[in-house]
Each structure stands twice: as C-alpha cells, then as structure tokens.
>>> print(open('my_file_24.pdb').read())   # PDB, C-alpha atoms, pLDDT in the B column
ATOM      1  CA  MET A   1      49.057 191.542  25.606  1.00 61.00           C
ATOM      2  CA  SER A   2      48.376 192.176  21.926  1.00 64.00           C
ATOM      3  CA  TYR A   3      52.064 191.541  21.174  1.00 61.00           C
ATOM      4  CA  LEU A   4      51.817 188.145  22.864  1.00 54.00           C
ATOM      5  CA  LEU A   5      48.692 187.229  20.887  1.00 57.00           C
ATOM      6  CA  GLU A   6      50.257 188.462  17.653  1.00 63.00           C
ATOM      7  CA  SER A   7      53.404 186.427  18.368  1.00 57.00           C
ATOM      8  CA  LEU A   8      51.327 183.306  19.053  1.00 53.00           C
ATOM      9  CA  HIS A   9      49.497 183.801  15.774  1.00 60.00           C
ATOM     10  CA  ARG A  10      52.734 184.073  13.767  1.00 69.00           C
ATOM     11  CA  HIS A  11      54.711 181.230  15.309  1.00 78.00           C
ATOM     12  CA  GLN A  12      53.365 177.722  14.900  1.00 82.00           C
ATOM     13  CA  GLY A  13      55.516 176.298  17.725  1.00 83.00           C
ATOM     14  CA  ALA A  14      54.337 178.938  20.195  1.00 83.00           C
ATOM     15  CA  ARG A  15      50.725 178.431  19.094  1.00 89.00           C
ATOM     16  CA  GLN A  16      51.084 174.684  19.546  1.00 89.00           C
ATOM     17  CA  LEU A  17      52.631 175.160  22.976  1.00 86.00           C
ATOM     18  CA  ALA A  18      49.722 177.395  23.999  1.00 90.00           C
ATOM     19  CA  LYS A  19      47.170 174.844  22.760  1.00 93.00           C
ATOM     20  CA  PHE A  20      49.124 172.010  24.362  1.00 91.00           C
ATOM     21  CA  SER A  21      49.052 173.931  27.645  1.00 90.00           C
ATOM     22  CA  ILE A  22      45.282 174.393  27.429  1.00 95.00           C
ATOM     23  CA  VAL A  23      44.803 170.688  26.729  1.00 95.00           C
ATOM     24  CA  GLY A  24      47.247 169.981  29.548  1.00 88.00           C
ATOM     25  CA  CYS A  25      45.176 172.054  31.981  1.00 91.00           C
ATOM     26  CA  LEU A  26      42.109 170.037  31.036  1.00 95.00           C
ATOM     27  CA  ASN A  27      44.105 166.817  31.386  1.00 90.00           C
ATOM     28  CA  LEU A  28      45.335 168.019  34.771  1.00 85.00           C
ATOM     29  CA  ALA A  29      41.765 168.623  35.931  1.00 94.00           C
ATOM     30  CA  ILE A  30      40.733 165.169  34.724  1.00 95.00           C
ATOM     31  CA  SER A  31      43.803 163.472  36.217  1.00 91.00           C
ATOM     32  CA  LEU A  32      43.569 165.281  39.553  1.00 92.00           C
ATOM     33  CA  THR A  33      39.881 164.480  39.887  1.00 95.00           C
ATOM     34  CA  VAL A  34      40.411 160.798  39.165  1.00 95.00           C
ATOM     35  CA  PHE A  35      43.574 160.621  41.333  1.00 94.00           C
ATOM     36  CA  ILE A  36      42.007 162.300  44.353  1.00 95.00           C
ATOM     37  CA  LEU A  37      38.869 160.174  44.094  1.00 95.00           C
ATOM     38  CA  LEU A  38      40.825 156.919  43.810  1.00 94.00           C
ATOM     39  CA  TYR A  39      43.530 157.857  46.351  1.00 93.00           C
ATOM     40  CA  SER A  40      41.752 159.721  49.108  1.00 92.00           C
ATOM     41  CA  GLN A  41      38.232 158.334  48.787  1.00 93.00           C
ATOM     42  CA  LEU A  42      38.579 154.737  47.615  1.00 92.00           C
ATOM     43  CA  ARG A  43      42.180 153.766  48.483  1.00 92.00           C
ATOM     44  CA  LEU A  44      41.981 151.681  45.328  1.00 90.00           C
ATOM     45  CA  GLY A  45      45.390 150.015  45.736  1.00 92.00           C
ATOM     46  CA  THR A  46      44.470 148.701  49.185  1.00 93.00           C
ATOM     47  CA  LEU A  47      41.012 147.727  47.953  1.00 93.00           C
ATOM     48  CA  ILE A  48      42.502 145.714  45.082  1.00 93.00           C
ATOM     49  CA  MET A  49      45.063 144.006  47.315  1.00 93.00           C
ATOM     50  CA  ASN A  50      42.432 143.124  49.927  1.00 94.00           C
ATOM     51  CA  SER A  51      39.941 141.774  47.405  1.00 96.00           C
ATOM     52  CA  THR A  52      42.209 139.538  45.332  1.00 95.00           C
ATOM     53  CA  GLY A  53      42.609 136.776  47.912  1.00 95.00           C
ATOM     54  CA  ASP A  54      45.827 134.786  47.961  1.00 96.00           C
ATOM     55  CA  ILE A  55      47.369 136.716  45.074  1.00 95.00           C
ATOM     56  CA  GLY A  56      46.780 140.019  46.882  1.00 93.00           C
ATOM     57  CA  MET A  57      48.206 138.617  50.118  1.00 94.00           C
ATOM     58  CA  TRP A  58      51.271 137.286  48.287  1.00 96.00           C
ATOM     59  CA  LEU A  59      51.835 140.581  46.472  1.00 93.00           C
ATOM     60  CA  THR A  60      51.351 142.572  49.694  1.00 93.00           C
ATOM     61  CA  HIS A  61      53.937 140.391  51.433  1.00 95.00           C
ATOM     62  CA  ALA A  62      56.361 140.722  48.510  1.00 94.00           C
ATOM     63  CA  LEU A  63      56.005 144.507  48.535  1.00 93.00           C
ATOM     64  CA  ASN A  64      56.463 144.599  52.315  1.00 94.00           C
ATOM     65  CA  GLU A  65      59.793 142.818  51.851  1.00 95.00           C
ATOM     66  CA  PHE A  66      60.914 145.897  49.878  1.00 92.00           C
ATOM     67  CA  GLY A  67      59.602 148.268  52.558  1.00 90.00           C
ATOM     68  CA  ILE A  68      56.471 149.164  50.587  1.00 91.00           C
ATOM     69  CA  ASP A  69      53.427 149.117  52.865  1.00 91.00           C
ATOM     70  CA  LYS A  70      50.884 150.408  50.364  1.00 90.00           C
ATOM     71  CA  ILE A  71      50.511 151.172  46.677  1.00 93.00           C
ATOM     72  CA  ASP A  72      47.525 153.511  46.770  1.00 94.00           C
ATOM     73  CA  ALA A  73      49.259 156.483  45.113  1.00 92.00           C
ATOM     74  CA  ALA A  74      50.802 154.336  42.366  1.00 91.00           C
ATOM     75  CA  VAL A  75      47.477 152.640  41.539  1.00 94.00           C
ATOM     76  CA  ALA A  76      45.546 155.926  41.606  1.00 94.00           C
ATOM     77  CA  ASN A  77      48.196 157.423  39.315  1.00 87.00           C
ATOM     78  CA  THR A  78      47.766 154.558  36.853  1.00 91.00           C
ATOM     79  CA  PHE A  79      44.048 155.143  36.409  1.00 94.00           C
ATOM     80  CA  SER A  80      44.273 158.945  36.481  1.00 94.00           C
ATOM     81  CA  TYR A  81      47.054 158.896  33.908  1.00 84.00           C
ATOM     82  CA  VAL A  82      45.044 156.757  31.500  1.00 91.00           C
ATOM     83  CA  ALA A  83      42.036 159.100  31.832  1.00 93.00           C
ATOM     84  CA  GLY A  84      44.167 162.155  31.027  1.00 91.00           C
ATOM     85  CA  MET A  85      45.999 160.302  28.256  1.00 88.00           C
ATOM     86  CA  MET A  86      42.814 159.415  26.383  1.00 90.00           C
ATOM     87  CA  ASN A  87      41.714 163.052  26.432  1.00 93.00           C
ATOM     88  CA  SER A  88      45.205 164.197  25.461  1.00 92.00           C
ATOM     89  CA  PHE A  89      45.475 161.982  22.379  1.00 94.00           C
ATOM     90  CA  TYR A  90      42.140 163.092  21.014  1.00 91.00           C
ATOM     91  CA  LEU A  91      42.533 166.849  21.585  1.00 95.00           C
ATOM     92  CA  ASN A  92      46.243 167.123  20.771  1.00 93.00           C
ATOM     93  CA  ARG A  93      45.935 165.111  17.573  1.00 92.00           C
ATOM     94  CA  LEU A  94      42.997 167.102  16.244  1.00 92.00           C
ATOM     95  CA  TRP A  95      43.451 170.565  17.723  1.00 94.00           C
ATOM     96  CA  THR A  96      47.012 171.185  18.958  1.00 93.00           C
ATOM     97  CA  PHE A  97      49.110 169.537  16.261  1.00 91.00           C
ATOM     98  CA  GLU A  98      46.378 169.201  13.602  1.00 89.00           C
ATOM     99  CA  ALA A  99      47.900 165.899  12.534  1.00 86.00           C
ATOM    100  CA  LYS A 100      47.007 164.843   9.015  1.00 83.00           C
ATOM    101  CA  VAL A 101      48.192 161.269   9.439  1.00 80.00           C
ATOM    102  CA  PRO A 102      45.637 158.608  10.427  1.00 83.00           C
ATOM    103  CA  ALA A 103      45.125 158.273  14.179  1.00 85.00           C
ATOM    104  CA  MET A 104      46.009 154.601  14.324  1.00 89.00           C
ATOM    105  CA  THR A 105      49.420 155.216  12.770  1.00 88.00           C
ATOM    106  CA  ARG A 106      50.287 157.657  15.589  1.00 89.00           C
ATOM    107  CA  LEU A 107      48.683 155.876  18.514  1.00 90.00           C
ATOM    108  CA  PRO A 108      51.662 153.529  19.124  1.00 93.00           C
ATOM    109  CA  ARG A 109      54.047 156.502  19.248  1.00 93.00           C
ATOM    110  CA  PHE A 110      51.687 158.397  21.539  1.00 94.00           C
ATOM    111  CA  VAL A 111      51.469 155.389  23.843  1.00 93.00           C
ATOM    112  CA  LEU A 112      55.290 155.075  23.949  1.00 96.00           C
ATOM    113  CA  VAL A 113      55.777 158.760  24.817  1.00 94.00           C
ATOM    114  CA  ASN A 114      53.124 158.471  27.499  1.00 89.00           C
ATOM    115  CA  ALA A 115      54.494 155.164  28.778  1.00 92.00           C
ATOM    116  CA  LEU A 116      57.808 156.918  29.434  1.00 92.00           C
ATOM    117  CA  SER A 117      56.043 159.771  31.228  1.00 89.00           C
ATOM    118  CA  PHE A 118      53.822 157.367  33.134  1.00 86.00           C
ATOM    119  CA  THR A 119      56.805 155.307  34.276  1.00 92.00           C
ATOM    120  CA  VAL A 120      58.641 158.406  35.467  1.00 90.00           C
ATOM    121  CA  SER A 121      55.590 159.766  37.312  1.00 89.00           C
ATOM    122  CA  THR A 122      54.645 156.447  38.913  1.00 88.00           C
ATOM    123  CA  LEU A 123      58.169 155.787  40.150  1.00 92.00           C
ATOM    124  CA  ILE A 124      58.367 159.274  41.643  1.00 92.00           C
ATOM    125  CA  LEU A 125      54.991 158.825  43.392  1.00 91.00           C
ATOM    126  CA  LEU A 126      55.805 155.312  44.578  1.00 91.00           C
ATOM    127  CA  VAL A 127      59.112 156.349  46.112  1.00 93.00           C
ATOM    128  CA  VAL A 128      58.306 159.834  47.395  1.00 94.00           C
ATOM    129  CA  VAL A 129      54.671 159.352  48.524  1.00 92.00           C
ATOM    130  CA  ASP A 130      54.199 155.639  49.217  1.00 90.00           C
ATOM    131  CA  VAL A 131      57.673 154.836  50.566  1.00 91.00           C
ATOM    132  CA  LEU A 132      58.942 158.133  52.003  1.00 93.00           C
ATOM    133  CA  GLY A 133      55.518 159.367  53.115  1.00 94.00           C
ATOM    134  CA  ALA A 134      55.616 162.844  51.548  1.00 95.00           C
ATOM    135  CA  PRO A 135      52.276 164.617  51.034  1.00 95.00           C
ATOM    136  CA  TYR A 136      50.800 163.472  47.743  1.00 91.00           C
ATOM    137  CA  LEU A 137      49.411 166.717  46.322  1.00 91.00           C
ATOM    138  CA  PRO A 138      52.661 168.756  46.059  1.00 95.00           C
ATOM    139  CA  VAL A 139      54.547 165.704  44.779  1.00 94.00           C
ATOM    140  CA  LEU A 140      51.829 165.022  42.216  1.00 89.00           C
ATOM    141  CA  CYS A 141      51.876 168.639  40.999  1.00 88.00           C
ATOM    142  CA  ALA A 142      55.675 168.666  40.600  1.00 92.00           C
ATOM    143  CA  THR A 143      55.542 165.308  38.845  1.00 91.00           C
ATOM    144  CA  LEU A 144      52.905 166.547  36.420  1.00 81.00           C
ATOM    145  CA  GLY A 145      55.188 169.459  35.500  1.00 83.00           C
ATOM    146  CA  ILE A 146      58.018 167.066  34.652  1.00 86.00           C
ATOM    147  CA  VAL A 147      55.870 164.817  32.480  1.00 84.00           C
ATOM    148  CA  THR A 148      54.325 167.803  30.680  1.00 81.00           C
ATOM    149  CA  VAL A 149      57.741 168.754  29.283  1.00 83.00           C
ATOM    150  CA  ILE A 150      58.484 165.150  28.275  1.00 87.00           C
ATOM    151  CA  ASN A 151      55.084 164.831  26.581  1.00 86.00           C
ATOM    152  CA  PHE A 152      55.192 168.117  24.651  1.00 89.00           C
ATOM    153  CA  LEU A 153      58.623 167.466  23.186  1.00 89.00           C
ATOM    154  CA  GLY A 154      57.864 163.830  22.379  1.00 93.00           C
ATOM    155  CA  ASN A 155      54.505 164.591  20.789  1.00 91.00           C
ATOM    156  CA  LYS A 156      55.647 167.640  18.836  1.00 89.00           C
ATOM    157  CA  PHE A 157      58.795 166.146  17.378  1.00 90.00           C
ATOM    158  CA  TRP A 158      57.879 162.468  17.106  1.00 91.00           C
ATOM    159  CA  THR A 159      54.250 161.462  17.650  1.00 91.00           C
ATOM    160  CA  PHE A 160      52.379 164.054  15.595  1.00 89.00           C
ATOM    161  CA  SER A 161      55.130 165.339  13.306  1.00 85.00           C
ATOM    162  CA  GLU A 162      54.668 164.872   9.588  1.00 77.00           C
ATOM    163  CA  PRO A 163      56.865 162.167   8.081  1.00 72.00           C
ATOM    164  CA  LEU A 164      59.910 163.449   6.234  1.00 64.00           C
ATOM    165  CA  ARG A 165      59.632 163.006   2.495  1.00 64.00           C
ATOM    166  CA  TYR A 166      62.623 162.114   0.408  1.00 63.00           C
ATOM    167  CA  GLN A 167      63.502 164.933  -1.967  1.00 63.00           C
ATOM    168  CA  PRO A 168      66.059 163.860  -4.609  1.00 66.00           C
ATOM    169  CA  VAL A 169      68.709 166.462  -5.313  1.00 68.00           C
ATOM    170  CA  GLY A 170      69.102 167.631  -8.879  1.00 59.00           C
TER     171      GLY A 170
END
>>> encode(input="my_file_24.pdb", output="structure tokens")
Amino acid sequence: MSYLLESLHRHQGARQLAKFSIVGCLNLAISLTVFILLYSQLRLGTLIMNSTGDIGMWLTHALNEFGIDKIDAAVANTFSYVAGMMNSFYLNRLWTFEAKVPAMTRLPRFVLVNALSFTVSTLILLVVVDVLGAPYLPVLCATLGIVTVINFLGNKFWTFSEPLRYQPVG
C-alpha cells in the first residue's frame, strides 16, 4: 500500500487520475441520485410530454413513429448529467488538474468534452433502455464507465492542459 501511495505522490498523471476518480465517484453519486429520482419517481420525460399540450402530443406521435414509446431515461440522463458536470468542472479545475488558466477560457472546452460524453451516454440509454427495454441501472453503470474514460482523457490533454508556449530555437 505504501508503494502505491508513494507512486501516486511521484507521478502527476497517476495523482490526477486518482483525484479524477474521487471526483468521479462524487459525480456518480450526484448523477445517480438525480437520475433515479427523475426516472423512477417522477418519470420526468412522460411528465414533460403530457404537460406541454399540442407540442407534447406531436412530439410523442413523432417518436412513436420511430418505435420510441417513452423518453424517461433520456430526459433523466440529461438532468443528471448536467448536475454531475457542474460539480465536475469546479472540482476538476481547482483540485484535480489545478488549472492556472481562467475558468471562462476552459469552460467551452469542458462543455465540448462533456457534450461528446453526454451524447454517447444518452444515445446508449435511449436505445438500450427506452427502445430495447433493458434494465436501466446496469446500462447506466456501464455507460458511466465509458464516459469516464472519454472525460478523463479529454480534460487532461485538452480542457485543463496548459497552453504550449513557443520556444524559439537558438
């Protein structure tokens, strides 16, 4: 165990991965809580469709034409993802990657990395849970694993990396 701690202390990448994982666990708790509340308790997608009148009826019909009877998992994922993303930006910027650049200069990159992850996760949930009817919790957990890898690599090497400075030769 001491070797592992010593190794984490010496290697910035390993230390960042450990911190990113801790933040990710907190994000997971936040995302799961919001997802389960919105999916299993509120059925937010159905609630939205039923309460938006003619637009909701039109959209429901259009989705039914594609074989999509409900969008509860996709809508719950949208809100849960945003909740975890807000926490992630704050903690990863300040603690994990200790970014020195101003937050607003990195926010667009962070949003793009997360938009990719969000799109991947929502499509997986829409197809596998809403269309195919698979149980949501195992699919959600596997999906979160996939987007964790995408997010770490994108944030480490693009979002929070220090800009390269031109060094003239000679």
>>> resolve_selection(input="my_file_24.pdb", expression="the PyMOL selection byres ((chain A and resi 133-136) around 12)", output="ChimeraX atom specification")
/A:32,35-36,39-40,67-74,76-77,122,124-132,137-144
>>> closest_residue(input="my_file_24.pdb", among="A:Asn114, A:Thr105, A:Ser31, A:Ser80", to="A:Glu162", atoms="all atoms listed in the file")
A:Thr105
>>> closest_residue(input="my_file_24.pdb", among="A:Asn92, A:Asn27, A:Thr52, A:Thr148", to="A:Val120", atoms="all atoms listed in the file")
A:Thr148
>>> closest_residue(input="my_file_24.pdb", among="A:Ser51, A:Thr46, A:Gln16, A:Thr119", to="A:Phe160", atoms="only C-alpha atoms")
A:Gln16
>>> closest_residue(input="my_file_24.pdb", among="A:Ala83, A:Leu63, A:Val147, A:Val101", to="A:Thr33", atoms="all atoms listed in the file")
A:Ala83
>>> atom_distance(input="my_file_24.pdb", atom1="atom CA of A:Cys25", atom2="atom CA of A:Glu98")
18.6 Å
>>> residues_around(input="my_file_24.pdb", residues="A:Leu116", least_positions_apart="6", cutoff="12 Å", atoms="only C-alpha atoms", output="VMD selection string")
chain A and resid 81 109 to 110 122 to 123 146 to 151 154
>>> atom_distance(input="my_file_24.pdb", atom1="atom CA of A:Val34", atom2="atom CA of A:Gly84")
9.1 Å
>>> residues_around(input="my_file_24.pdb", residues="A:Trp95", least_positions_apart="2", cutoff="10 Å", atoms="only C-alpha atoms", output="PyMOL selection string")
chain A and resi 16+19-20+23+89-93+97-99
